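Data first, discussion second: the structure below is written as structure tokens.
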Amino acid sequence: MDYTVISHDAFGRYETIRRTVRTIDSCANCGRRNTGRLYQYGSLSDGYGSRPNWQHEVFCDIDCMRIYHNV
């Protein structure tokens with residue numbers, strides 16, 4: 001498993017997950033560069049055999065991801 005579970009939505013039956021990405025890109029929301037280490041967020045369904053669904057953007061933290069996606 002190459003990701004960390006951030007939260008679990010029992011009603012929606014999915015988890016919010018993230019993985020560390022080493023990149024020269026900057027945060028998609030605020031433009032900050034975290035010394036080459038940013039996070040890619042995604043979701044994972046509770047269904048058997050499901051695979052993570054990763055977003056294309058990278059962020060410095062979950063707050064920037066939520067602001068970017070208006071969550």
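Please note that chains go A, B, ... in the order of the structure tokens, that every chain numbers its residues from 1, and that ligands are numbered from 1 in the order shown.
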- Task: Would you list the contacts of A:His69 as a list of chain:residue names, taking every protein, DNA or RNA residue within 12 Å and counting only C-alpha atoms, but skipping same-chain residues closer than 5 positions in sequence?
- Result: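 Selected residues are A:Ala28, A:Asn29, A:Tyr41, A:Gln55, A:Glu57, A:Phe59, A:Ile62, A:Asp63, A:Cys64.
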- Message: Just want the 10 Å neighbourhood of A:Thr4, counted on only C-alpha atoms, with same-chain residues fewer than 4 positions away dropped. Output as a PyMOL selection string.
- Response: chain A and resi 15-20+41
Any chance you can output those residues with C-alpha atoms as a PDB file, in the first residue's frame?
```pdb
ATOM      1  CA  GLU A  15     -12.049   6.782   1.751  1.00  0.00           C
ATOM      2  CA  THR A  16     -10.042   9.894   0.977  1.00  0.00           C
ATOM      3  CA  ILE A  17      -6.416   8.873   0.470  1.00  0.00           C
ATOM      4  CA  ARG A  18      -3.111  10.573  -0.295  1.00  0.00           C
ATOM      5  CA  ARG A  19       0.373   9.670  -1.412  1.00  0.00           C
ATOM      6  CA  THR A  20       3.630  11.581  -1.320  1.00  0.00           C
ATOM      7  CA  TYR A  41      -5.095  12.988  -3.257  1.00  0.00           C
TER       8      TYR A  41
END
```
- Based on DSSP run over this structure's backbone, return all residues of chain A in alpha helix (DSSP H), as a PyMOL selection string. chain A and resi 62-68
Write to file, as a compact mmCIF listing (two decimals), in the first residue's frame, the residues of the selection just made, with N, CA and C atoms.
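Written output follows (again.txt):
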```
# COMPACT_ATOMS: atom_id res chain seq x y z
N ILE A 62 -4.00 19.15 2.62
CA ILE A 62 -5.39 18.83 2.31
C ILE A 62 -6.27 20.09 2.24
N ASP A 63 -5.91 21.13 3.00
CA ASP A 63 -6.69 22.37 2.93
C ASP A 63 -6.63 22.98 1.53
N CYS A 64 -5.45 23.00 0.93
CA CYS A 64 -5.33 23.52 -0.44
C CYS A 64 -6.12 22.66 -1.43
N MET A 65 -6.13 21.36 -1.23
CA MET A 65 -6.90 20.48 -2.11
C MET A 65 -8.40 20.78 -1.98
N ARG A 66 -8.87 20.96 -0.76
CA ARG A 66 -10.30 21.24 -0.55
C ARG A 66 -10.69 22.60 -1.10
N ILE A 67 -9.84 23.61 -0.96
CA ILE A 67 -10.12 24.93 -1.51
C ILE A 67 -10.16 24.86 -3.03
N TYR A 68 -9.20 24.17 -3.62
CA TYR A 68 -9.11 24.03 -5.08
C TYR A 68 -10.37 23.37 -5.65
```
- Query: How many Å lie between atom CA of A:Cys60 and atom CA of A:Ile24, rounded to one decimal?
  - Reply: 12.3 Å
- Looking only at strand (DSSP E) from DSSP on the backbone, list the matching residues of chain A as an MDAnalysis selection string. chainID A and resid 4:9 14:22 37:45 53:54
C-alpha atoms of the current selection, written as a tab-separated table (two decimals), in the first residue's frame:
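Saved file again_5.tsv follows:
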```tsv
chain	number	residue	atom	x	y	z
A	4	THR	CA	-2.35	6.95	3.62
A	5	VAL	CA	-6.04	7.03	4.52
A	6	ILE	CA	-7.07	10.60	5.43
A	7	SER	CA	-10.79	10.06	6.12
A	8	HIS	CA	-13.56	7.49	5.72
A	9	ASP	CA	-17.12	8.28	4.67
A	14	TYR	CA	-15.31	5.59	0.21
A	15	GLU	CA	-12.05	6.78	1.75
A	16	THR	CA	-10.04	9.89	0.98
A	17	ILE	CA	-6.42	8.87	0.47
A	18	ARG	CA	-3.11	10.57	-0.30
A	19	ARG	CA	0.37	9.67	-1.41
A	20	THR	CA	3.63	11.58	-1.32
A	21	VAL	CA	4.98	12.72	-4.68
A	22	ARG	CA	8.52	13.98	-5.17
A	37	ARG	CA	7.54	16.90	-1.77
A	38	LEU	CA	3.85	17.40	-2.44
A	39	TYR	CA	0.77	15.23	-2.04
A	40	GLN	CA	-1.57	13.67	-4.55
A	41	TYR	CA	-5.09	12.99	-3.26
A	42	GLY	CA	-7.65	10.48	-4.39
A	43	SER	CA	-10.54	8.28	-3.36
A	44	LEU	CA	-10.93	4.57	-2.81
A	45	SER	CA	-14.29	2.79	-2.87
A	53	ASN	CA	-8.83	6.99	-8.24
A	54	TRP	CA	-6.07	9.65	-8.14
```
